[in-house]
>>> print(open('work.cif').read())   # mmCIF, N, CA and C atoms
data_final
loop_
_atom_site.label_atom_id
_atom_site.label_comp_id
_atom_site.auth_asym_id
_atom_site.auth_seq_id
_atom_site.Cartn_x
_atom_site.Cartn_y
_atom_site.Cartn_z
N MET A 1 60.76 -35.46 47.86
CA MET A 1 59.37 -35.83 48.12
C MET A 1 59.30 -37.33 48.38
N GLU A 2 58.30 -37.73 49.15
CA GLU A 2 58.15 -39.16 49.42
C GLU A 2 57.17 -39.79 48.45
N LYS A 3 57.23 -41.11 48.39
CA LYS A 3 56.39 -41.86 47.47
C LYS A 3 54.92 -41.57 47.70
N ASN A 4 54.16 -41.63 46.62
CA ASN A 4 52.71 -41.44 46.70
C ASN A 4 52.09 -42.82 46.92
N ILE A 5 51.95 -43.18 48.18
CA ILE A 5 51.45 -44.52 48.55
C ILE A 5 50.01 -44.73 48.08
N PRO A 6 49.10 -43.73 48.22
CA PRO A 6 47.74 -43.96 47.72
C PRO A 6 47.71 -44.28 46.22
N LEU A 7 48.51 -43.57 45.43
CA LEU A 7 48.55 -43.83 43.99
C LEU A 7 49.10 -45.23 43.73
N LYS A 8 50.17 -45.59 44.43
CA LYS A 8 50.77 -46.92 44.27
C LYS A 8 49.74 -48.01 44.62
N ASN A 9 49.02 -47.82 45.71
CA ASN A 9 48.00 -48.79 46.12
C ASN A 9 46.87 -48.85 45.09
N ALA A 10 46.47 -47.69 44.59
CA ALA A 10 45.38 -47.64 43.59
C ALA A 10 45.78 -48.39 42.33
N ILE A 11 47.03 -48.22 41.91
CA ILE A 11 47.51 -48.92 40.71
C ILE A 11 47.47 -50.43 40.92
N GLY A 12 47.90 -50.88 42.10
CA GLY A 12 47.83 -52.31 42.41
C GLY A 12 46.40 -52.82 42.38
N ALA A 13 45.47 -52.04 42.95
CA ALA A 13 44.06 -52.44 42.98
C ALA A 13 43.45 -52.44 41.57
N ILE A 14 43.85 -51.48 40.75
CA ILE A 14 43.37 -51.40 39.37
C ILE A 14 43.82 -52.63 38.60
N LYS A 15 45.07 -53.01 38.78
CA LYS A 15 45.59 -54.21 38.10
C LYS A 15 44.74 -55.43 38.44
N LEU A 16 44.42 -55.57 39.70
CA LEU A 16 43.61 -56.72 40.13
C LEU A 16 42.18 -56.63 39.59
N ARG A 17 41.55 -55.48 39.75
CA ARG A 17 40.15 -55.32 39.36
C ARG A 17 39.94 -55.44 37.86
N TYR A 18 40.85 -54.87 37.08
CA TYR A 18 40.67 -54.81 35.64
C TYR A 18 41.51 -55.84 34.87
N GLY A 19 42.24 -56.69 35.59
CA GLY A 19 43.04 -57.70 34.93
C GLY A 19 44.16 -57.11 34.08
N ILE A 20 44.76 -56.04 34.58
CA ILE A 20 45.85 -55.36 33.87
C ILE A 20 47.17 -55.87 34.42
N ASP A 21 48.11 -56.14 33.52
CA ASP A 21 49.39 -56.71 33.94
C ASP A 21 50.47 -55.68 34.20
N THR A 22 50.47 -54.58 33.44
CA THR A 22 51.59 -53.64 33.54
C THR A 22 51.12 -52.20 33.73
N GLN A 23 52.03 -51.40 34.25
CA GLN A 23 51.75 -49.97 34.37
C GLN A 23 51.64 -49.33 33.00
N LYS A 24 52.33 -49.87 32.02
CA LYS A 24 52.25 -49.36 30.65
C LYS A 24 50.81 -49.45 30.14
N GLN A 25 50.12 -50.54 30.44
CA GLN A 25 48.72 -50.69 30.02
C GLN A 25 47.84 -49.64 30.69
N ILE A 26 48.15 -49.33 31.94
CA ILE A 26 47.40 -48.28 32.63
C ILE A 26 47.67 -46.94 31.95
N CYS A 27 48.93 -46.67 31.63
CA CYS A 27 49.30 -45.42 30.95
C CYS A 27 48.60 -45.30 29.60
N ASP A 28 48.52 -46.41 28.88
CA ASP A 28 47.84 -46.37 27.58
C ASP A 28 46.39 -45.94 27.74
N ARG A 29 45.73 -46.45 28.77
CA ARG A 29 44.32 -46.10 28.99
C ARG A 29 44.17 -44.67 29.49
N LEU A 30 45.18 -44.16 30.19
CA LEU A 30 45.13 -42.79 30.70
C LEU A 30 45.74 -41.79 29.73
N ASP A 31 46.32 -42.27 28.64
CA ASP A 31 46.97 -41.43 27.66
C ASP A 31 48.08 -40.59 28.30
N CYS A 32 48.98 -41.29 29.02
CA CYS A 32 50.13 -40.62 29.63
C CYS A 32 51.38 -41.47 29.44
N ASN A 33 52.53 -40.88 29.70
CA ASN A 33 53.81 -41.59 29.57
C ASN A 33 54.08 -42.41 30.83
N LEU A 34 54.77 -43.52 30.64
CA LEU A 34 55.15 -44.37 31.77
C LEU A 34 56.08 -43.62 32.72
N SER A 35 56.97 -42.80 32.16
CA SER A 35 57.89 -42.03 33.01
C SER A 35 57.13 -41.02 33.88
N TYR A 36 56.05 -40.44 33.32
CA TYR A 36 55.25 -39.50 34.10
C TYR A 36 54.56 -40.21 35.26
N LEU A 37 53.99 -41.39 34.98
CA LEU A 37 53.34 -42.15 36.05
C LEU A 37 54.36 -42.53 37.12
N SER A 38 55.55 -42.92 36.70
CA SER A 38 56.61 -43.27 37.64
C SER A 38 56.98 -42.07 38.51
N ASP A 39 57.08 -40.90 37.89
CA ASP A 39 57.37 -39.67 38.66
C ASP A 39 56.28 -39.38 39.67
N LEU A 40 55.02 -39.63 39.29
CA LEU A 40 53.92 -39.41 40.23
C LEU A 40 54.01 -40.36 41.41
N ILE A 41 54.25 -41.64 41.13
CA ILE A 41 54.34 -42.65 42.18
C ILE A 41 55.50 -42.35 43.12
N ASN A 42 56.63 -41.93 42.55
CA ASN A 42 57.84 -41.68 43.35
C ASN A 42 57.86 -40.30 43.99
N GLY A 43 56.78 -39.53 43.81
CA GLY A 43 56.69 -38.23 44.45
C GLY A 43 57.53 -37.15 43.78
N LYS A 44 58.01 -37.41 42.57
CA LYS A 44 58.80 -36.41 41.85
C LYS A 44 57.92 -35.37 41.17
N SER A 45 56.66 -35.72 40.94
CA SER A 45 55.69 -34.79 40.34
C SER A 45 54.42 -34.86 41.17
N PRO A 46 53.76 -33.72 41.36
CA PRO A 46 52.50 -33.73 42.11
C PRO A 46 51.33 -34.20 41.23
N LEU A 47 50.35 -34.80 41.87
CA LEU A 47 49.12 -35.19 41.15
C LEU A 47 48.34 -33.94 40.78
N SER A 48 47.95 -33.84 39.54
CA SER A 48 47.13 -32.70 39.12
C SER A 48 45.65 -33.10 39.20
N ARG A 49 44.80 -32.13 39.29
CA ARG A 49 43.35 -32.39 39.29
C ARG A 49 42.92 -33.08 37.99
N GLN A 50 43.56 -32.68 36.89
CA GLN A 50 43.23 -33.26 35.59
C GLN A 50 43.58 -34.75 35.58
N PHE A 51 44.73 -35.10 36.12
CA PHE A 51 45.15 -36.50 36.15
C PHE A 51 44.23 -37.31 37.07
N ILE A 52 43.89 -36.75 38.21
CA ILE A 52 42.97 -37.42 39.14
C ILE A 52 41.62 -37.66 38.47
N ALA A 53 41.14 -36.66 37.72
CA ALA A 53 39.85 -36.81 37.02
C ALA A 53 39.93 -37.92 35.98
N LYS A 54 41.06 -38.02 35.26
CA LYS A 54 41.24 -39.10 34.29
C LYS A 54 41.19 -40.45 34.98
N PHE A 55 41.88 -40.55 36.10
CA PHE A 55 41.89 -41.79 36.88
C PHE A 55 40.48 -42.17 37.31
N GLN A 56 39.73 -41.17 37.75
CA GLN A 56 38.36 -41.43 38.19
C GLN A 56 37.49 -41.90 37.03
N ARG A 57 37.58 -41.21 35.89
CA ARG A 57 36.76 -41.59 34.73
C ARG A 57 37.11 -42.97 34.20
N GLU A 58 38.39 -43.25 34.09
CA GLU A 58 38.83 -44.49 33.44
C GLU A 58 38.70 -45.71 34.34
N PHE A 59 38.99 -45.53 35.64
CA PHE A 59 39.05 -46.69 36.53
C PHE A 59 38.12 -46.60 37.74
N ASP A 60 37.28 -45.58 37.80
CA ASP A 60 36.33 -45.43 38.91
C ASP A 60 37.04 -45.32 40.26
N VAL A 61 38.22 -44.67 40.25
CA VAL A 61 39.00 -44.49 41.46
C VAL A 61 38.48 -43.28 42.22
N ASN A 62 38.41 -43.41 43.52
CA ASN A 62 37.94 -42.35 44.40
C ASN A 62 38.99 -41.22 44.43
N PRO A 63 38.65 -40.03 43.95
CA PRO A 63 39.64 -38.95 43.94
C PRO A 63 40.10 -38.55 45.34
N THR A 64 39.24 -38.66 46.31
CA THR A 64 39.63 -38.34 47.69
C THR A 64 40.73 -39.28 48.16
N TYR A 65 40.60 -40.56 47.79
CA TYR A 65 41.63 -41.52 48.17
C TYR A 65 42.98 -41.14 47.54
N LEU A 66 42.96 -40.76 46.26
CA LEU A 66 44.21 -40.39 45.60
C LEU A 66 44.84 -39.15 46.23
N GLU A 67 44.02 -38.21 46.66
CA GLU A 67 44.53 -36.96 47.23
C GLU A 67 44.99 -37.11 48.68
N THR A 68 44.24 -37.90 49.46
CA THR A 68 44.51 -37.94 50.90
C THR A 68 44.86 -39.33 51.44
N GLY A 69 44.55 -40.37 50.67
CA GLY A 69 44.75 -41.74 51.16
C GLY A 69 43.62 -42.20 52.06
N GLU A 70 42.58 -41.38 52.18
CA GLU A 70 41.45 -41.73 53.05
C GLU A 70 40.29 -42.26 52.23
N GLY A 71 39.54 -43.18 52.83
CA GLY A 71 38.37 -43.73 52.18
C GLY A 71 38.73 -44.95 51.36
N GLU A 72 37.77 -45.39 50.58
CA GLU A 72 37.95 -46.56 49.72
C GLU A 72 38.69 -46.17 48.45
N ILE A 73 39.39 -47.12 47.85
CA ILE A 73 40.12 -46.85 46.62
C ILE A 73 39.16 -46.60 45.46
N PHE A 74 38.10 -47.41 45.38
CA PHE A 74 37.16 -47.29 44.28
C PHE A 74 35.87 -46.65 44.73
N LEU A 75 35.27 -45.88 43.82
CA LEU A 75 33.94 -45.34 44.06
C LEU A 75 32.94 -46.48 43.92
N GLU A 76 31.95 -46.46 44.71
CA GLU A 76 30.91 -47.49 44.63
C GLU A 76 29.60 -46.82 44.24
N LYS A 77 28.65 -47.59 43.83
CA LYS A 77 27.33 -47.02 43.52
C LYS A 77 26.82 -46.31 44.77
N GLY A 78 26.14 -45.18 44.53
CA GLY A 78 25.66 -44.40 45.66
C GLY A 78 26.78 -43.63 46.33
N SER A 79 27.80 -43.24 45.57
CA SER A 79 28.97 -42.59 46.15
C SER A 79 28.80 -41.09 46.31
N GLY A 80 27.58 -40.61 46.19
CA GLY A 80 27.37 -39.18 46.34
C GLY A 80 27.29 -38.45 45.03
N LEU A 81 27.44 -39.15 43.93
CA LEU A 81 27.30 -38.49 42.64
C LEU A 81 25.82 -38.21 42.40
N GLN A 82 25.52 -37.07 41.88
CA GLN A 82 24.14 -36.70 41.61
C GLN A 82 23.99 -36.33 40.15
N ILE A 83 22.88 -36.75 39.58
CA ILE A 83 22.57 -36.38 38.20
C ILE A 83 21.51 -35.31 38.24
N GLY A 84 21.72 -34.24 37.50
CA GLY A 84 20.75 -33.16 37.52
C GLY A 84 20.89 -32.29 36.31
N GLY A 85 20.46 -31.07 36.43
CA GLY A 85 20.53 -30.14 35.31
C GLY A 85 19.36 -30.38 34.36
N LYS A 86 19.28 -29.54 33.36
CA LYS A 86 18.22 -29.65 32.37
C LYS A 86 18.35 -30.98 31.63
N ASN A 87 17.29 -31.75 31.58
CA ASN A 87 17.26 -33.06 30.93
C ASN A 87 18.30 -34.02 31.49
N ASN A 88 18.64 -33.89 32.78
CA ASN A 88 19.60 -34.78 33.44
C ASN A 88 20.92 -34.87 32.67
N THR A 89 21.46 -33.74 32.28
CA THR A 89 22.68 -33.73 31.48
C THR A 89 23.90 -33.27 32.28
N GLN A 90 23.78 -33.20 33.60
CA GLN A 90 24.95 -32.84 34.41
C GLN A 90 25.14 -33.87 35.50
N ILE A 91 26.40 -34.22 35.75
CA ILE A 91 26.75 -35.11 36.83
C ILE A 91 27.56 -34.29 37.82
N VAL A 92 27.15 -34.27 39.07
CA VAL A 92 27.81 -33.46 40.08
C VAL A 92 28.27 -34.37 41.20
N GLY A 93 29.50 -34.22 41.62
CA GLY A 93 30.01 -35.00 42.73
C GLY A 93 31.48 -34.72 42.94
N ASN A 94 31.93 -34.83 44.19
CA ASN A 94 33.34 -34.61 44.52
C ASN A 94 33.85 -33.27 44.00
N ASP A 95 33.03 -32.26 44.08
CA ASP A 95 33.38 -30.91 43.63
C ASP A 95 33.69 -30.83 42.14
N ASN A 96 33.29 -31.85 41.38
CA ASN A 96 33.47 -31.83 39.93
C ASN A 96 32.10 -31.77 39.29
N GLN A 97 32.00 -31.12 38.18
CA GLN A 97 30.75 -31.04 37.45
C GLN A 97 31.05 -31.28 35.97
N VAL A 98 30.34 -32.21 35.38
CA VAL A 98 30.57 -32.56 33.99
C VAL A 98 29.29 -32.30 33.21
N ASP A 99 29.38 -31.55 32.15
CA ASP A 99 28.23 -31.29 31.29
C ASP A 99 28.21 -32.36 30.22
N THR A 100 27.36 -33.37 30.43
CA THR A 100 27.33 -34.49 29.50
C THR A 100 26.66 -34.12 28.19
N SER A 101 25.83 -33.09 28.17
CA SER A 101 25.18 -32.72 26.91
C SER A 101 26.22 -32.21 25.91
N ALA A 102 27.21 -31.46 26.37
CA ALA A 102 28.26 -30.98 25.47
C ALA A 102 29.10 -32.16 24.98
N ASN A 103 29.42 -33.09 25.88
CA ASN A 103 30.20 -34.26 25.49
C ASN A 103 29.42 -35.12 24.51
N LEU A 104 28.13 -35.28 24.75
CA LEU A 104 27.29 -36.09 23.87
C LEU A 104 27.19 -35.45 22.49
N SER A 105 27.01 -34.15 22.45
CA SER A 105 26.93 -33.44 21.17
C SER A 105 28.22 -33.60 20.39
N LYS A 106 29.34 -33.48 21.06
CA LYS A 106 30.65 -33.64 20.41
C LYS A 106 30.80 -35.07 19.87
N ALA A 107 30.40 -36.04 20.67
CA ALA A 107 30.49 -37.44 20.24
C ALA A 107 29.60 -37.71 19.04
N LEU A 108 28.40 -37.16 19.04
CA LEU A 108 27.49 -37.36 17.91
C LEU A 108 28.03 -36.72 16.64
N ASP A 109 28.65 -35.54 16.77
CA ASP A 109 29.27 -34.90 15.61
C ASP A 109 30.41 -35.76 15.06
N GLU A 110 31.18 -36.32 15.96
CA GLU A 110 32.30 -37.18 15.54
C GLU A 110 31.77 -38.44 14.83
N ILE A 111 30.70 -39.03 15.35
CA ILE A 111 30.10 -40.21 14.73
C ILE A 111 29.60 -39.87 13.33
N ALA A 112 28.95 -38.72 13.19
CA ALA A 112 28.45 -38.30 11.87
C ALA A 112 29.60 -38.14 10.89
N GLU A 113 30.69 -37.56 11.34
CA GLU A 113 31.86 -37.38 10.49
C GLU A 113 32.45 -38.73 10.09
N GLN A 114 32.52 -39.65 11.03
CA GLN A 114 33.05 -40.99 10.74
C GLN A 114 32.16 -41.73 9.75
N ARG A 115 30.85 -41.55 9.88
CA ARG A 115 29.93 -42.19 8.94
C ARG A 115 30.15 -41.68 7.52
N LYS A 116 30.41 -40.38 7.38
CA LYS A 116 30.69 -39.81 6.06
C LYS A 116 31.95 -40.44 5.47
N LEU A 117 32.97 -40.58 6.29
CA LEU A 117 34.21 -41.17 5.81
C LEU A 117 34.01 -42.63 5.40
N VAL A 118 33.25 -43.36 6.19
CA VAL A 118 32.97 -44.76 5.86
C VAL A 118 32.18 -44.85 4.56
N SER A 119 31.22 -43.95 4.39
CA SER A 119 30.42 -43.94 3.18
C SER A 119 31.29 -43.68 1.95
N LYS A 120 32.21 -42.72 2.06
CA LYS A 120 33.11 -42.41 0.95
C LYS A 120 34.01 -43.61 0.65
N ALA A 121 34.49 -44.25 1.69
CA ALA A 121 35.35 -45.42 1.49
C ALA A 121 34.57 -46.54 0.80
N GLN A 122 33.32 -46.73 1.20
CA GLN A 122 32.49 -47.76 0.58
C GLN A 122 32.24 -47.45 -0.90
N GLU A 123 32.04 -46.18 -1.22
CA GLU A 123 31.87 -45.79 -2.62
C GLU A 123 33.13 -46.12 -3.43
N GLN A 124 34.29 -45.85 -2.87
CA GLN A 124 35.54 -46.16 -3.56
C GLN A 124 35.70 -47.67 -3.75
N ILE A 125 35.35 -48.44 -2.75
CA ILE A 125 35.43 -49.89 -2.86
C ILE A 125 34.49 -50.40 -3.95
N ASP A 126 33.27 -49.85 -3.97
CA ASP A 126 32.31 -50.26 -5.00
C ASP A 126 32.83 -49.93 -6.40
N ARG A 127 33.44 -48.75 -6.58
CA ARG A 127 34.01 -48.39 -7.87
C ARG A 127 35.13 -49.33 -8.28
N LEU A 128 36.00 -49.66 -7.34
CA LEU A 128 37.10 -50.58 -7.64
C LEU A 128 36.59 -51.97 -7.99
N LEU A 129 35.59 -52.42 -7.28
CA LEU A 129 35.00 -53.72 -7.60
C LEU A 129 34.39 -53.72 -9.00
N GLY A 130 33.75 -52.63 -9.36
CA GLY A 130 33.19 -52.49 -10.70
C GLY A 130 34.27 -52.55 -11.77
N ILE A 131 35.37 -51.87 -11.53
CA ILE A 131 36.49 -51.88 -12.47
C ILE A 131 37.05 -53.30 -12.61
N LEU A 132 37.21 -53.98 -11.49
CA LEU A 132 37.73 -55.35 -11.54
C LEU A 132 36.79 -56.29 -12.26
N GLU A 133 35.50 -56.12 -12.04
CA GLU A 133 34.51 -56.98 -12.71
C GLU A 133 34.56 -56.74 -14.22
N ASN A 134 34.68 -55.48 -14.64
CA ASN A 134 34.77 -55.15 -16.07
C ASN A 134 36.02 -55.72 -16.70
N GLN A 135 37.13 -55.74 -15.97
CA GLN A 135 38.36 -56.26 -16.51
C GLN A 135 38.32 -57.79 -16.64
N GLN A 136 37.53 -58.43 -15.78
CA GLN A 136 37.43 -59.90 -15.85
C GLN A 136 36.58 -60.36 -17.04
N LYS A 137 35.74 -59.50 -17.55
CA LYS A 137 34.83 -59.87 -18.66
C LYS A 137 35.52 -59.94 -19.97
#
>>> encode(input="work.cif", output="structure tokens")
Amino acid sequence: MEKNIPLKNAIGAIKLRYGIDTQKQICDRLDCNLSYLSDLINGKSPLSRQFIAKFQREFDVNPTYLETGEGEIFLEKGSGLQIGGKNNTQIVGNDNQVDTSANLSKALDEIAEQRKLVSKAQEQIDRLLGILENQQK
């Protein structure tokens, strides 16, 4: 297979736009291995829709550009994305549809869980401080 020039160009543009120095930093943000990204660039592995979607979400890269090399590297405002659905909770564009209400609900549940953990940790800290104060007396 031949090199994936659109992906290589997109990575170069991402480095410039986001002030990123290494491909490893890009991999960290995409939650992928450096060897996997290298295989994609060198044409040893095909780009998956899931990977393209990650690239789009994280770096605002135009999925059409990654797939075909046509168009601009980055999506711009007014790129054809539409917000709709009940209470404007769906984003539709580029044949992708994201239900933001489900994502928001999941995020809120996670925040509530984190608050409980922080509260428990604070209680433990308060108890330890009380013990230390008693020992100093």
>>> atom_distance(input="work.cif", atom1="atom N of Lys3 (chain A)", atom2="atom C of Gly43 (chain A)")
6.1 Å
>>> residues_around(input="work.cif", residues="region 59-61 of chain A", least_positions_apart="2", cutoff="5 Å", atoms="all atoms listed in the file", output="list in words")
Phe55, Gln56, Arg57, Pro63, Ile73, Phe74 and Leu75 of chain A
>>> residues_around(input="work.cif", residues="region 5-16 of chain A", least_positions_apart="4", cutoff="6 Å", atoms="only C-alpha atoms", output="PyMOL selection string")
chain A and resi 20+41+66+69
>>> write_last_selection(input="work.cif", atoms="N, CA and C atoms", output="short mmCIF file (atom, residue, chain, number, x, y, z; two decimals), in the coordinates of the input")
data_model
loop_
_atom_site.label_atom_id
_atom_site.label_comp_id
_atom_site.auth_asym_id
_atom_site.auth_seq_id
_atom_site.Cartn_x
_atom_site.Cartn_y
_atom_site.Cartn_z
N ILE A 20 44.76 -56.04 34.58
CA ILE A 20 45.85 -55.36 33.87
C ILE A 20 47.17 -55.87 34.42
N ILE A 41 54.25 -41.64 41.13
CA ILE A 41 54.34 -42.65 42.18
C ILE A 41 55.50 -42.35 43.12
N LEU A 66 42.96 -40.76 46.26
CA LEU A 66 44.21 -40.39 45.60
C LEU A 66 44.84 -39.15 46.23
N GLY A 69 44.55 -40.37 50.67
CA GLY A 69 44.75 -41.74 51.16
C GLY A 69 43.62 -42.20 52.06
#
>>> atom_distance(input="work.cif", atom1="CA of Glu72 (chain A)", atom2="CA of Leu34 (chain A)")
25.0 Å
